[in-house]
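**Q** Before I ask anything, here is the structure I am working with.
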Amino acid sequence: MSQAPSPFVRAALDAATAVPPSGIAWLDAARRENLESLAETGLPESRNESWKYTPLRALSQRAFSLADAGVANGFVVDPSSFALPGVEGSRIVFVDGAFRADLSALEGSVGVSLAPLGVALETQPEPLRFALANRYRRGAADAFAHLNAALAIDGLVLHIADGAHVGRPLHIVHVSSGSQPDTAWHVRVLVDVGQGARADVVEHFVSLGEATQLGTVVADVVVREGATLGLVVLQDASAATTLVRRSHVRIEANAAATVHALELGGALVRHELTTELVGDGARFDSRGVFALSGRQHIDTQLEVRHNARDTASDALWRGIADGRSRGVFRGAIVVAEGADGSDASLSNKNLLLSAQAEIDTKPELEIYADEVKAAHGATIGQLDERSLFYLRSRGIPLAQARSLLTLAFCRAALESLPNEALREHLGDLLVAHLPTGPSAE
Amino acid sequence: MHMLTIDNLHARVEGKEILKGLSLAVKPGEVHAIMGPNGAGKSTLANVLSGRDGYEVTAGSVNFDGRDLLALEPEERAAVGMFLAFQYPVEIPGVNNTYFLRAALNAQRKFRGEEELDSMRFLKLVREKLKVMQISDDLLHRAVNEGFSGGEKKRNEIFQMAVLEPKLAILDETDSGLDIDALKQVAEGVNALRSPDRSFLIVTHYQRLLDYIEPDFVHVLAGGRIVESGDKSLALKLEEQGYAWLADTHPELRKADLAGAPA
């Protein structure tokens with residue numbers, strides 16, 4: 001009962017013909033298989049539970065060709081467009097999915113091995129086989145993972161040596177040039193933080209032009225025994241960008257990972273962040289803010305799986321929606337059988353700044369173990385009129401009062417970021433993104 | 001020359017007329033107390049003057065320092081020199097008290113075309129004003145009113161007044177919920193801020209605050225109007241006799257208008 005493929009899928013099949021063979025048999029086979037899966041299932045439809053609030057009907061009617069690597073390599077990028085205070089370590093930059101050696105700074109930190117995927121495949125492909133030949137479940141829910149696996153030519157491989165303490169945050173930059181209309185780029189990310197190592201990574205999405213582009217990123221992150229990873233995600237893409245990301249974080253015994261995410265830009269944005277606590281004593285903290293305006297749609301799918309004893313997770317997310325935007329948040333905690341002593345909490349509070357904005361939040365709790373502490377909650381509200389009046393009665397104009405209260409609402413999610421310069425910068429970006437006037441009712 | 005002239009003010013809340021022709025004139029430097037039974041319209045008056053939503057003025061005018069006050073937004077009223085000390089100061093988690101106060105002062109200064117204060121000059125100002133109002137440094141660094149005791153909240157209101165230096169301060173039942181020590185501290189703060197060009201409108205249900213802040217005039221607000229005015233001895237008479245006697249001189253007042261006499 002196969003249907004005619006949608007324009008989106010047809011364009012992906014065409015794009016695949018532009019992907020040069022890698023010369024590695026297992027990799028080419030994996031790409032082919034993933035493409036076949038995509039062709040078979042197409043994009044997920046609304047009846048697919050995980051995509052219920054993020055309809056893709058319009059996207060499925062659009063056709064994206066593969067972003068031209070020649071154009072991407074020649075595109076002039078001012079390094080100040082992605083410079084971040086407090087982020088001065090090694091750096092890898094992609095423009096429309098193409099690695100840009102001239103903008104990157106791969107060397108510089110002891111114990112850090114940072115390489116573009118293309119180079120890693122040329123020199124030592126075998127260690128990457130497990131990740132890159134990984135078969136996703138066949139099904140529409142994984143359509144973008146299939147798409148990425150079929151079409152991602154480049155990406156990065158980051159390895160932190162056992163015991164290495166990396167002082168300066170590493171910077172991964174995804175630039176949408178915005179100069180190639182109706183094109184797509186795909187990046188594959190592999191991160192391995194060695195035993196007992198400590199590192200901070202900033203994943204950063206920026207756009208330089210307004211052309212409509214699609215980007216996909218699939219990341220696999222392993223935090224090995226006793227290691228600590230701090231990950232900051234700053235998504236500040238243009239209002240013409242569609243961005244679909246999937247991150248899988250695996251945390252081993254007595255290791256810890258912390259994510260601070262700030263989602264500001266994009267037309268249609270989806271981030272699936274799945275964390276597995278696989279070793280005893282593993283810990284995962286996530287903090288995030290999504291701030292939407294106009295007709296933006298940002299969907300965050302957080303899933304934390306406690307698979308070992310005495311694991312802990314804490315999630316604190318704030319959402320703000322203005323204009324006619326729509327925010328979606330699913331926060332799921334799954335405590336597996338035998339994962340006794342697990343401690344999990346999840347909070348998602350949301351603020352609607354206009355009558356036409358919408359936020360759908362769905363906390364989920366699945367517990368199969370006995371001795372577990374778990375708490376979760378989600379709320380949707382509006383700015384408190386009494387607080388607004390109090391600020392105005394002291395002379396603070398309405399627009400400033402609204403932005404002050406909105407920032408205060410988000411503060412809890414950002415204040416725990418230890419990098420002070422970066423934390424302040426994120427706060428400034430958020431303020432700049434907030435509506436400055438009374439929103440249209 | 002009057003600083004504040006309220007003329008024949010009528011106002012409605014949720015369709016119900018609360019103020020029914022209230023008139024009052026305040027000169028610079030004067031302290032006026034507004035007393036009256038529950039439901040007389042005391043808090044409505046404070047809220048209408050400060051511009052809170054939900055209060056509809058149906059007739060009358062308010063002139064403040066030569067301006068049509070009722071045409072101004074709440075933040076503009078603050079900038080031209082009006083200050084409301086809230087009966088229930090609002091807790092605002094996530095907004096630092098000092099940051100808030102500097103934002104407020106600079107917004108007012110900007111509106112008036114004055115230079116904004118940088119953080120150094122602002123802190124110097126805060127240090128001076130701290131002497132006026134006994135507030136610990138700790139409260140300054142916390143979120144606005146968050147976790148403050150009742151007394152701390154009211155002292156914080158007076159401290160804000162000291163920093164913002166309004167021409168007219170309206171105290172809306174500032175004495176409610178305060179024990180005698182807290183009441184004295186608040187009164188000391190207010191007295192320290194009295195000056196020939198600053199006026200006060202003190203809305204209160206009880207006479208006891210007036211033991212510590214001596215008013216120049218006392219008015220009785222009943223049935224939505226000022227029905228009696230006098231000096232501070234009027235407050236003492238109300239304390240002793242309640243409000244019922246006003247029915248003798250004001251037959252238009254219904255019994256319900258005079259219920260809720262002070263305890």
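Ligands are numbered from 1 in the order shown, chains are lettered A, B, ... in the order of the structure tokens, and residues start at 1 in each chain.
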List as JSON, numbers by chain the protein and nucleic acid residues near Lys154 in chain B, meaning an atom at most 9 Å away when only C-alpha atoms are counted, but skip any in the same chain fewer than 4 places from it.

**A** {"B": [85, 86, 87, 88, 89, 149, 150, 158, 159, 174, 175, 178, 182, 186]}

**Q** Can I get the selected residues back with N, CA and C atoms, as an mmCIF file, in the first residue's frame?

**A**
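Result saved to again.cif:
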```cif
data_model
loop_
_atom_site.group_PDB
_atom_site.id
_atom_site.type_symbol
_atom_site.label_atom_id
_atom_site.label_comp_id
_atom_site.auth_asym_id
_atom_site.auth_seq_id
_atom_site.Cartn_x
_atom_site.Cartn_y
_atom_site.Cartn_z
ATOM 1 N N ALA B 85 2.158 53.772 48.305
ATOM 2 C CA ALA B 85 2.652 52.703 49.177
ATOM 3 C C ALA B 85 1.513 51.698 49.319
ATOM 4 N N PHE B 86 1.754 50.480 48.834
ATOM 5 C CA PHE B 86 0.684 49.483 48.721
ATOM 6 C C PHE B 86 0.250 48.938 50.072
ATOM 7 N N GLN B 87 -1.049 48.650 50.146
ATOM 8 C CA GLN B 87 -1.549 47.947 51.329
ATOM 9 C C GLN B 87 -0.961 46.531 51.359
ATOM 10 N N TYR B 88 -0.887 45.907 50.170
ATOM 11 C CA TYR B 88 -0.293 44.572 50.060
ATOM 12 C C TYR B 88 0.825 44.609 49.023
ATOM 13 N N PRO B 89 2.052 44.961 49.425
ATOM 14 C CA PRO B 89 3.164 44.994 48.458
ATOM 15 C C PRO B 89 3.335 43.624 47.803
ATOM 16 N N SER B 149 8.943 39.767 55.779
ATOM 17 C CA SER B 149 7.872 39.795 56.766
ATOM 18 C C SER B 149 6.961 40.979 56.442
ATOM 19 N N GLY B 150 5.777 41.019 57.088
ATOM 20 C CA GLY B 150 4.850 42.126 56.850
ATOM 21 C C GLY B 150 5.505 43.475 57.099
ATOM 22 N N ILE B 158 8.457 52.245 52.110
ATOM 23 C CA ILE B 158 8.898 53.583 52.509
ATOM 24 C C ILE B 158 10.321 53.846 52.002
ATOM 25 N N PHE B 159 11.131 52.784 51.985
ATOM 26 C CA PHE B 159 12.490 52.923 51.454
ATOM 27 C C PHE B 159 12.450 53.282 49.962
ATOM 28 N N THR B 174 -1.236 51.554 55.184
ATOM 29 C CA THR B 174 0.118 51.068 55.461
ATOM 30 C C THR B 174 0.220 50.463 56.851
ATOM 31 N N ASP B 175 -0.663 50.890 57.755
ATOM 32 C CA ASP B 175 -0.602 50.390 59.129
ATOM 33 C C ASP B 175 -1.216 49.011 59.294
ATOM 34 N N LEU B 178 0.508 45.599 60.969
ATOM 35 C CA LEU B 178 1.786 45.908 61.619
ATOM 36 C C LEU B 178 1.638 45.910 63.134
ATOM 37 N N ALA B 182 6.779 47.860 64.471
ATOM 38 C CA ALA B 182 6.886 48.041 63.025
ATOM 39 C C ALA B 182 6.190 49.340 62.614
ATOM 40 N N VAL B 186 7.871 52.516 60.587
ATOM 41 C CA VAL B 186 7.322 53.057 59.341
ATOM 42 C C VAL B 186 7.043 54.553 59.503
#
```

**Q** Which polymer residues have any atom within 7 Å of an atom of Ser61 in chain B, counting only C-alpha atoms, with same-chain residues fewer than 3 positions away left out, as a PyMOL selection string?

**A** chain B and resi 6-9

**Q** If you run DSSP on the backbone, which residues of range 69-243 of chain B are strand (DSSP E or B), as a PyMOL selection string?

**A** chain B and resi 82-85+92-96+143-144+168-172+195+198-203+217-222+225-230

**Q** Keeping only N, CA and C atoms, take the residues you just selected and write them out as a compact mmCIF listing (two decimals), in the first residue's frame.

**A**
```txt
# COMPACT_ATOMS: atom_id res chain seq x y z
N MET B 82 4.13 60.94 41.68
CA MET B 82 3.16 60.31 42.57
C MET B 82 3.68 58.95 43.00
N PHE B 83 3.45 58.62 44.25
CA PHE B 83 3.91 57.33 44.77
C PHE B 83 2.81 56.70 45.60
N LEU B 84 2.54 55.42 45.34
CA LEU B 84 1.57 54.69 46.14
C LEU B 84 2.29 53.65 46.98
N ALA B 85 2.16 53.77 48.30
CA ALA B 85 2.65 52.70 49.18
C ALA B 85 1.51 51.70 49.32
N ILE B 92 7.84 39.69 44.00
CA ILE B 92 8.22 39.44 42.61
C ILE B 92 9.48 38.59 42.57
N PRO B 93 9.33 37.27 42.58
CA PRO B 93 10.50 36.38 42.56
C PRO B 93 11.31 36.59 41.29
N GLY B 94 12.62 36.50 41.41
CA GLY B 94 13.47 36.59 40.22
C GLY B 94 13.87 38.00 39.85
N VAL B 95 13.27 39.03 40.51
CA VAL B 95 13.68 40.40 40.23
C VAL B 95 14.35 40.96 41.48
N ASN B 96 15.62 41.26 41.34
CA ASN B 96 16.42 41.75 42.46
C ASN B 96 15.92 43.14 42.90
N ALA B 143 15.10 39.13 46.18
CA ALA B 143 14.08 39.46 45.19
C ALA B 143 13.05 40.38 45.84
N VAL B 144 12.42 41.20 45.03
CA VAL B 144 11.48 42.21 45.52
C VAL B 144 10.42 41.58 46.44
N LEU B 168 4.08 63.59 45.88
CA LEU B 168 2.91 63.18 46.64
C LEU B 168 2.99 61.69 46.92
N ALA B 169 2.92 61.33 48.21
CA ALA B 169 2.93 59.92 48.57
C ALA B 169 1.56 59.54 49.12
N ILE B 170 0.99 58.47 48.58
CA ILE B 170 -0.28 57.96 49.07
C ILE B 170 0.02 56.69 49.84
N LEU B 171 -0.35 56.67 51.12
CA LEU B 171 -0.14 55.47 51.93
C LEU B 171 -1.47 54.76 52.09
N ASP B 172 -1.62 53.61 51.43
CA ASP B 172 -2.89 52.89 51.47
C ASP B 172 -2.88 51.87 52.60
N SER B 195 8.58 67.15 54.06
CA SER B 195 9.31 68.35 53.67
C SER B 195 8.31 69.35 53.13
N ARG B 198 6.76 68.23 49.81
CA ARG B 198 6.24 66.87 49.64
C ARG B 198 4.97 66.71 50.46
N SER B 199 3.92 66.21 49.80
CA SER B 199 2.64 66.02 50.50
C SER B 199 2.35 64.55 50.71
N PHE B 200 1.50 64.29 51.67
CA PHE B 200 1.11 62.91 51.97
C PHE B 200 -0.39 62.78 52.06
N LEU B 201 -0.88 61.68 51.50
CA LEU B 201 -2.28 61.32 51.65
C LEU B 201 -2.27 59.98 52.37
N ILE B 202 -2.73 59.99 53.63
CA ILE B 202 -2.64 58.77 54.43
C ILE B 202 -4.01 58.16 54.59
N VAL B 203 -4.22 57.05 53.92
CA VAL B 203 -5.51 56.36 53.98
C VAL B 203 -5.43 55.33 55.09
N PHE B 217 -4.59 67.71 58.28
CA PHE B 217 -6.04 67.64 58.10
C PHE B 217 -6.49 66.19 58.19
N VAL B 218 -7.70 66.03 58.71
CA VAL B 218 -8.31 64.70 58.74
C VAL B 218 -9.66 64.81 58.03
N HIS B 219 -9.90 63.86 57.10
CA HIS B 219 -11.16 63.84 56.36
C HIS B 219 -11.86 62.53 56.61
N VAL B 220 -13.17 62.59 56.64
CA VAL B 220 -13.95 61.37 56.73
C VAL B 220 -14.55 61.08 55.36
N LEU B 221 -14.23 59.91 54.86
CA LEU B 221 -14.79 59.45 53.58
C LEU B 221 -15.89 58.46 53.90
N ALA B 222 -17.11 58.80 53.49
CA ALA B 222 -18.24 57.89 53.72
C ALA B 222 -19.21 58.03 52.56
N ARG B 225 -17.96 60.00 49.38
CA ARG B 225 -17.63 61.43 49.37
C ARG B 225 -16.92 61.79 50.68
N ILE B 226 -16.23 62.96 50.65
CA ILE B 226 -15.70 63.50 51.90
C ILE B 226 -16.87 64.20 52.60
N VAL B 227 -17.23 63.71 53.79
CA VAL B 227 -18.41 64.27 54.45
C VAL B 227 -18.05 65.16 55.63
N GLU B 228 -16.81 65.06 56.07
CA GLU B 228 -16.42 65.86 57.23
C GLU B 228 -14.91 66.09 57.15
N SER B 229 -14.49 67.31 57.46
CA SER B 229 -13.06 67.59 57.49
C SER B 229 -12.73 68.35 58.75
N GLY B 230 -11.52 68.14 59.25
CA GLY B 230 -11.13 68.86 60.45
C GLY B 230 -9.65 68.71 60.68
```

**Q** What is the CA of Ser325 in chain A-CA of Leu414 in chain A distance in Å, reported with one decimal?

**A** 22.2 Å

**Q** Could you work out which residues of chain A fall inside 8 Å of chain B? Count only C-alpha atoms, and format the result as a VMD selection string.

**A** chain A and resid 386 to 387 389 to 398 404 to 405 407 to 409 411 to 412

**Q** Dump C-alpha atoms for the selected residues as a short mmCIF file (atom, residue, chain, number, x, y, z; two decimals), in the first residue's frame?

**A**
```cif
data_model
loop_
_atom_site.label_atom_id
_atom_site.label_comp_id
_atom_site.auth_asym_id
_atom_site.auth_seq_id
_atom_site.Cartn_x
_atom_site.Cartn_y
_atom_site.Cartn_z
CA ARG A 386 -0.59 42.67 40.13
CA SER A 387 3.16 42.39 39.59
CA PHE A 389 1.01 47.15 38.08
CA TYR A 390 3.44 47.20 40.98
CA LEU A 391 6.38 47.74 38.62
CA ARG A 392 4.50 50.38 36.60
CA SER A 393 3.45 52.22 39.76
CA ARG A 394 7.16 52.72 40.43
CA GLY A 395 7.72 54.27 37.01
CA ILE A 396 8.75 51.26 34.91
CA PRO A 397 7.02 51.44 31.51
CA LEU A 398 4.69 48.58 30.57
CA LEU A 404 11.52 42.19 33.37
CA LEU A 405 8.89 39.77 34.67
CA LEU A 407 13.14 37.32 32.29
CA ALA A 408 12.54 36.72 36.00
CA PHE A 409 10.31 33.80 35.05
CA ARG A 411 15.93 33.02 35.58
CA ALA A 412 15.74 29.73 37.43
#
```

**Q** Check range 95-334 of chain A with DSSP on the backbone and list each residue it calls helix (DSSP H, G or I), as a list in words.

**A**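 Across range 95-334 of chain A, those assigned helix (DSSP H, G or I) are Leu117, Gly118, Val119, Ala120, Leu121, Glu122, Thr123, Glu126, Pro127, Leu128, Arg129, Phe130, Ala131, Leu132, Ala140, Ala141, Asp142, Ala143, Phe144, Ala145, His146, Leu147, Asn148, Ala149, Ala150 and Leu151 of chain A.
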
**Q** Just the number, please: distance in Å from CA of Pro85 in chain A to CA of Pro169 in chain A, one decimal.

**A** 10.6 Å

**Q** Using CA of Ser60 in chain A and CA of Ala261 in chain A as the two end points, give the distance in Å to one decimal.

**A**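 Interatomic distance, CA of Ser60 in chain A to CA of Ala261 in chain A: 27.6 Å.
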
**Q** With distances taken over only C-alpha atoms, which residue among A:Val289, A:Ala239, A:Ala58, A:Leu229 lies nearest Ser46 in chain A?

**A**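 Checking each of A:Val289, A:Ala239, A:Ala58, A:Leu229 against Ser46 in chain A, counting only C-alpha atoms, the winner is A:Ala58.
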
**Q** Between B:Glu239, B:Asp179, B:Glu173, B:Glu252, which residue has the minimum interatomic distance to Ser43 in chain B, considering only C-alpha atoms?

**A** B:Glu173

**Q** Given only C-alpha atoms as the basis, pick out the residue of B:Ile34, B:Leu183, B:Ala244, B:Val190 nearest to Glu165 in chain B.

**A** B:Val190

**Q** Counting only C-alpha atoms, what is within 9 Å of range 120-124 of chain B, bar same-chain residues fewer than 4 positions away, as a ChimeraX atom specification?

**A** /B:98,102,128-129

**Q** Identify, on the basis of only C-alpha atoms, every residue whose closest approach to Ile298 in chain A does not exceed 6 Å; exclude the query and any residue fewer than 6 positions from it along the same chain; express the result as a VMD selection string.

**A** chain A and resid 268 to 270 327
